[in-house]
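Below you'll find the structure, written out as C-alpha cells, and then a few comments.
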Amino acid sequence: MAANTKCYAVFMLLLPFHIVNCILLKNKHIPINREDTTSYTSNYNYKTEYFTQKVDHFGFVNGDTYQQRYLIADQFWDSNGGPIFFYTGNEGDITLFCNNTGFMWDIAPEFKALLIFAEHRYYGTSIPYGSTAFKDPTKMNYLTSEQALADYAVLIRHIKSVIPGTRDSKVIAFGGSYGGMLAAWFRMKYPNVVQGSLAASAPIWTFREDAECDAFDRTVTETFHKSSPACVDNIKALWKTLNTTASQASGLSKLTEMFHLCKPLKSVDDVDALKGWIQSALVYLAMVDYPYPSKFLAPLPAWPVKETCRPLSTPLSGDNLIRGSVKAMNVYYNYTGSTPCFDIGDSNVPNLGISGWDYQSCTEMVAPSCSTGKTDMFEKSDWDFSAYTNGCLKNWKVKPNINWIETQYWGKNLSAASNIIFSNGLLDPWSSGGVLKSQSDSVVAIVIPNGAHHLDLRGSNKADPADVISARNLEKKYIASWIKSP
Ligand SMILES: *[C@@H]1O[C@H](CO)[C@@H](O)[C@H](O)[C@H]1NC(C)=O
Ligand SMILES: *[C@@H]1O[C@H](CO)[C@@H](O)[C@H](O)[C@H]1NC(C)=O
Ligand SMILES: *[C@@H]1O[C@H](CO)[C@@H](O)[C@H](O)[C@H]1NC(C)=O
Ligand SMILES: *[C@@H]1O[C@H](CO)[C@@H](O)[C@H](O)[C@H]1NC(C)=O
C-alpha cells in the first residue's frame, strides 16, 4: 500500500480507515471482567433467545437460514400497553452493547418497557454459514446494513406474533455508533415497525465521497487539546522523533526496548506499525474519554485523555519524549499493570467483530480518512481511495461502493424523516460526521459538549456532567411523546 495511507485500525466503535493491508488485528477473545463503576452486571438480567432468520431477505432463490441471537428482559414490562425498547445491534457481541447501554435499563422501569437487544448478523454468535463464511466472498455477500435492518423488522414482527400483549406495543429503537446509524435508518426505512429512534453518536455523514477526510483526526486533536495543549505539541513532535531514532545505529532495538515490545522492530514497516498502534490508542482514548473509570474498549481511569497526557504535559524532545510517550501508552494498554510486554499487532478490543467490520468498510461503509499533520497531531497521510480499493480486492475480493450509503439512506436530506434524535458528545471524534443541528421539529440534534462516544447511552453515574444529564432528560421527553402519539 502507499506509504502515506492511513495505517491504523479504529473501530467505529470501529475502523473508519481501516487497515487495508496494514496490521490486521486479531479478534482475540480475551476474557476480561468488564464490570465498571456503572453497576450493570448485577441488575441486568435477561434471557437469551434465538430466531431463525432468512440469510437473504431481498431475493427468493436462496432459502438458507441462520440463528440470530437476541436478549430479552421483561421484568419491567407492563404487558398491558408497555412499549418495546429495541437495541439495533452493531458490530460485535450483543452482550457487550447490552452491558454498556445502561440508559435503556435505567429508564425501562418508568416506561414499563420490554427490552430487546438484537445481535447484528455476522457478529457474536449470529453468523450465517458459521465462521468459515469469512473465507468465502459469496457467503459474506449477505453482510449488509440493509439485511441487518430487515432482520430487525422481521424479528419484531415475530415477537409481536408470539408474545401476548406486544401486538400493539410501540417500538422505540436505540443504538450507539454504527448501532445508532442503524437505529436512525431503521426509523427511516421501516416507520411502520418503529415509532422513533435514539441514534447516539451516529456518524451517518462520514460515509460519503465528499466527507471532510481530516475532520475525525482534527476532533481527536481538539479533545486532547482540551486536556493539555502541551500534550498535543508533544504528540505532534513524536512521529519525527521516532523516525530519527529509528534511523540511528541500533535505533530499532533501542525503540523495541524503550517501548517494552514483545517482538523486536526490524524494519521501517514495523516502525509504521508502532505508529499505528500509538495512533489507535489516541483515537480510542478520545472516544472513551468518560468522566469515570470504565472498561468499554479497555480498562481505563476516569478522564483517560487527561491521564494519558499527564507524562506529556511539559515540552519534551528526544529520548525524554519517547519515555513520556511510553508512559502515556501505559494508560491505554496497561492500566491494570498486567501487560508484561506490548504486542503492537494487537490493540486488544475483545468482543468486537473486527473481520466483519473490515468487510463492511470494504463494501458500503467507506469513510474517507486523512490527516494533515498541521490541523491535527497525527503524521500527514492522504486519503487514497484506489489504495483502499486494492486492499479490499486483495482481502475480500470486493470493491467498495463509496456512494451507496448516501443513495440508500437519503444523504443530507432528512426532510422526509421523523421521530429521530441524533445525540453527539463533542469529545467524540465521530461527532465530526454526525448530525449536530436539528433538521426539523422531529429530527432533532442533541449536543453534549462534555460527552465522549455515546456517553448518554451509558448508565447514569455520580460523575456524569450536567450536560449529559439534561440530554438524557430531553431524550426521555421525546421518547414519551412518541409513545403517546398515535
Ligand atoms: C456482559 O455481562 C454479562 C453478565 O455479567 C457477562 O456474562 C458477559 O460476559 C458480559 N459481556 C461482555 C461482552 O462483556
Ligand atoms: C517518517 O518517515 C517516513 C518514511 O520512512 C516518512 O514518510 C514520514 O513523512 C516521516 N515522518 C516525519 C514526521 O518526518
Ligand atoms: C505494565 O505495568 C506494570 C506495573 O506498572 C509494569 O511493571 C510493566 O512493565 C508494564 N508493562 C509494560 C509493557 O510496560
Ligand atoms: C429534500 O427532499 C424533499 C422530499 O423528501 C424534497 O422535497 C426537497 O426538494 C429535497 N431538498 C433538497 C435540497 O434536495
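Residue numbers start at 1 in each chain; chains themselves are named A, B, ... in the order of the C-alpha cells; ligands are numbered from 1 in the order shown.
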
Selection within 8 Å of ligand 2 by only C-alpha atoms and all ligand atoms, output as a list of chain:residue names: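 So the residues close to ligand 2 are A:Ala3, A:Asn4, A:Ala237, A:Leu238, A:Trp239, A:Lys240, A:Thr241, A:Leu242, A:Asn243, A:Thr244, A:Val268, A:Asp272, A:Glu379, A:Lys380.
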
Each residue of chain A lying at most 6 Å from ligand 4 should get a row with its shortest atom-to-atom pair and the distance in Å to one decimal, counting only C-alpha atoms and all ligand atoms; could you produce that, ordered by chain and increasing number, as a Markdown table?
| residue | atom | partner | partner_atom_place_in_ligand_line | distance |
| --- | --- | --- | --- | --- |
| A:Asn413 | CA | ligand 4 | 1 (C) | 4.9 |
| A:Ser415 | CA | ligand 4 | 5 (O) | 5.4 |
| A:Ala416 | CA | ligand 4 | 5 (O) | 4.4 |

DSSP-assigned strand (DSSP E or B) among segment 159-381 of chain A, expressed as a count of residues only: 18

Could you list, with a cut-off of 9 Å and counting only C-alpha atoms and all ligand atoms, the residues of chain A near ligand 3, each shown with its nearest atom pair and the distance in Å rounded to one decimal, rows sorted by chain and ascending number, as a Markdown table?
| residue | atom | partner | partner_atom_place_in_ligand_line | distance |
| --- | --- | --- | --- | --- |
| A:Met258 | CA | ligand 3 | 14 (O) | 8.9 |
| A:Phe259 | CA | ligand 3 | 14 (O) | 7.0 |
| A:His260 | CA | ligand 3 | 13 (C) | 5.0 |
| A:Leu261 | CA | ligand 3 | 13 (C) | 6.8 |
| A:Cys262 | CA | ligand 3 | 13 (C) | 8.2 |
| A:Val326 | CA | ligand 3 | 14 (O) | 7.5 |
| A:Lys327 | CA | ligand 3 | 14 (O) | 7.8 |
| A:Met329 | CA | ligand 3 | 14 (O) | 8.4 |
| A:Asn330 | CA | ligand 3 | 14 (O) | 6.2 |
| A:Tyr333 | CA | ligand 3 | 13 (C) | 8.1 |
| A:Asn334 | CA | ligand 3 | 1 (C) | 5.0 |
| A:Tyr335 | CA | ligand 3 | 2 (O) | 7.0 |
| A:Thr336 | CA | ligand 3 | 2 (O) | 7.0 |
| A:Gly337 | CA | ligand 3 | 2 (O) | 3.4 |
| A:Ser338 | CA | ligand 3 | 1 (C) | 5.5 |
| A:Thr339 | CA | ligand 3 | 11 (N) | 4.8 |
| A:Pro340 | CA | ligand 3 | 11 (N) | 4.7 |
| A:Cys341 | CA | ligand 3 | 13 (C) | 3.6 |
| A:Phe342 | CA | ligand 3 | 13 (C) | 4.9 |
| A:Asp343 | CA | ligand 3 | 13 (C) | 8.7 |

With N, CA, C and O atoms retained, write the just-selected residues as a PDB file, in the first residue's frame.
ATOM      1  N   MET A 258      12.751   0.542  24.673  1.00  0.00           N
ATOM      2  CA  MET A 258      12.069   1.648  25.365  1.00  0.00           C
ATOM      3  C   MET A 258      10.554   1.421  25.424  1.00  0.00           C
ATOM      4  O   MET A 258       9.906   1.762  26.406  1.00  0.00           O
ATOM      5  N   PHE A 259       9.995   0.867  24.351  1.00  0.00           N
ATOM      6  CA  PHE A 259       8.542   0.632  24.321  1.00  0.00           C
ATOM      7  C   PHE A 259       8.126  -0.720  24.908  1.00  0.00           C
ATOM      8  O   PHE A 259       6.958  -1.070  24.872  1.00  0.00           O
ATOM      9  N   HIS A 260       9.086  -1.469  25.431  1.00  0.00           N
ATOM     10  CA  HIS A 260       8.765  -2.791  26.007  1.00  0.00           C
ATOM     11  C   HIS A 260       7.976  -3.655  25.035  1.00  0.00           C
ATOM     12  O   HIS A 260       6.928  -4.202  25.383  1.00  0.00           O
ATOM     13  N   LEU A 261       8.467  -3.744  23.802  1.00  0.00           N
ATOM     14  CA  LEU A 261       7.727  -4.517  22.803  1.00  0.00           C
ATOM     15  C   LEU A 261       8.032  -6.010  22.935  1.00  0.00           C
ATOM     16  O   LEU A 261       9.150  -6.396  23.270  1.00  0.00           O
ATOM     17  N   CYS A 262       7.026  -6.822  22.648  1.00  0.00           N
ATOM     18  CA  CYS A 262       7.221  -8.273  22.735  1.00  0.00           C
ATOM     19  C   CYS A 262       8.125  -8.764  21.619  1.00  0.00           C
ATOM     20  O   CYS A 262       8.950  -9.655  21.810  1.00  0.00           O
ATOM     21  N   VAL A 326       5.859   6.460  26.187  1.00  0.00           N
ATOM     22  CA  VAL A 326       5.690   5.095  26.687  1.00  0.00           C
ATOM     23  C   VAL A 326       4.791   5.109  27.923  1.00  0.00           C
ATOM     24  O   VAL A 326       3.865   4.311  28.047  1.00  0.00           O
ATOM     25  N   LYS A 327       5.043   6.073  28.808  1.00  0.00           N
ATOM     26  CA  LYS A 327       4.179   6.193  29.997  1.00  0.00           C
ATOM     27  C   LYS A 327       2.741   6.464  29.582  1.00  0.00           C
ATOM     28  O   LYS A 327       1.798   5.910  30.150  1.00  0.00           O
ATOM     29  N   MET A 329       1.263   5.600  26.810  1.00  0.00           N
ATOM     30  CA  MET A 329       0.662   4.396  26.229  1.00  0.00           C
ATOM     31  C   MET A 329       0.290   3.375  27.302  1.00  0.00           C
ATOM     32  O   MET A 329      -0.622   2.568  27.115  1.00  0.00           O
ATOM     33  N   ASN A 330       1.000   3.436  28.423  1.00  0.00           N
ATOM     34  CA  ASN A 330       0.654   2.526  29.516  1.00  0.00           C
ATOM     35  C   ASN A 330      -0.756   2.773  30.048  1.00  0.00           C
ATOM     36  O   ASN A 330      -1.363   1.874  30.602  1.00  0.00           O
ATOM     37  N   TYR A 333      -2.926   0.851  27.252  1.00  0.00           N
ATOM     38  CA  TYR A 333      -2.629  -0.560  27.022  1.00  0.00           C
ATOM     39  C   TYR A 333      -2.244  -1.342  28.276  1.00  0.00           C
ATOM     40  O   TYR A 333      -2.024  -2.538  28.211  1.00  0.00           O
ATOM     41  N   ASN A 334      -2.118  -0.659  29.394  1.00  0.00           N
ATOM     42  CA  ASN A 334      -1.599  -1.363  30.568  1.00  0.00           C
ATOM     43  C   ASN A 334      -2.119  -0.745  31.851  1.00  0.00           C
ATOM     44  O   ASN A 334      -1.391  -0.633  32.833  1.00  0.00           O
ATOM     45  N   TYR A 335      -3.378  -0.327  31.843  1.00  0.00           N
ATOM     46  CA  TYR A 335      -3.880   0.350  33.039  1.00  0.00           C
ATOM     47  C   TYR A 335      -3.963  -0.600  34.226  1.00  0.00           C
ATOM     48  O   TYR A 335      -3.795  -0.213  35.365  1.00  0.00           O
ATOM     49  N   THR A 336      -4.206  -1.869  33.921  1.00  0.00           N
ATOM     50  CA  THR A 336      -4.294  -2.847  35.001  1.00  0.00           C
ATOM     51  C   THR A 336      -2.893  -3.239  35.501  1.00  0.00           C
ATOM     52  O   THR A 336      -2.775  -3.914  36.516  1.00  0.00           O
ATOM     53  N   GLY A 337      -1.859  -2.850  34.763  1.00  0.00           N
ATOM     54  CA  GLY A 337      -0.494  -3.195  35.168  1.00  0.00           C
ATOM     55  C   GLY A 337      -0.136  -4.645  34.909  1.00  0.00           C
ATOM     56  O   GLY A 337       0.892  -5.126  35.361  1.00  0.00           O
ATOM     57  N   SER A 338      -0.967  -5.345  34.132  1.00  0.00           N
ATOM     58  CA  SER A 338      -0.734  -6.780  33.967  1.00  0.00           C
ATOM     59  C   SER A 338      -0.207  -7.144  32.579  1.00  0.00           C
ATOM     60  O   SER A 338      -0.163  -8.306  32.208  1.00  0.00           O
ATOM     61  N   THR A 339       0.192  -6.131  31.791  1.00  0.00           N
ATOM     62  CA  THR A 339       0.724  -6.413  30.456  1.00  0.00           C
ATOM     63  C   THR A 339       2.247  -6.500  30.538  1.00  0.00           C
ATOM     64  O   THR A 339       2.911  -5.492  30.769  1.00  0.00           O
ATOM     65  N   PRO A 340       2.814  -7.688  30.365  1.00  0.00           N
ATOM     66  CA  PRO A 340       4.259  -7.836  30.523  1.00  0.00           C
ATOM     67  C   PRO A 340       5.031  -7.150  29.403  1.00  0.00           C
ATOM     68  O   PRO A 340       6.117  -6.600  29.630  1.00  0.00           O
ATOM     69  N   CYS A 341       4.488  -7.199  28.160  1.00  0.00           N
ATOM     70  CA  CYS A 341       5.156  -6.532  27.041  1.00  0.00           C
ATOM     71  C   CYS A 341       4.073  -6.149  26.047  1.00  0.00           C
ATOM     72  O   CYS A 341       2.971  -6.694  26.094  1.00  0.00           O
ATOM     73  N   PHE A 342       4.373  -5.203  25.180  1.00  0.00           N
ATOM     74  CA  PHE A 342       3.357  -4.744  24.232  1.00  0.00           C
ATOM     75  C   PHE A 342       3.460  -5.465  22.895  1.00  0.00           C
ATOM     76  O   PHE A 342       4.528  -5.536  22.301  1.00  0.00           O
ATOM     77  N   ASP A 343       2.317  -5.960  22.452  1.00  0.00           N
ATOM     78  CA  ASP A 343       2.229  -6.584  21.132  1.00  0.00           C
ATOM     79  C   ASP A 343       1.555  -5.579  20.209  1.00  0.00           C
ATOM     80  O   ASP A 343       0.341  -5.377  20.286  1.00  0.00           O
TER      81      ASP A 343
END

Best match for closeness to ligand 1 among A:Ala183, A:Ala200, A:Ala298, A:Val55, counting only C-alpha atoms and all ligand atoms: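 Of the candidates, the smallest distance to ligand 1 is held by A:Ala298.
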
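Minimum atom-to-atom distance to Gly124 of chain A, evaluated using only C-alpha atoms, belongs to A:Ser355 out of A:Ser355, A:Val305, A:Thr52, A:Val232.
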
Contacts of segment 73-79 of chain A at 7 Å (only C-alpha atoms; same-chain gap of 6+ positions) as a PyMOL selection string: chain A and resi 45-47+108-109+112-116+165-166
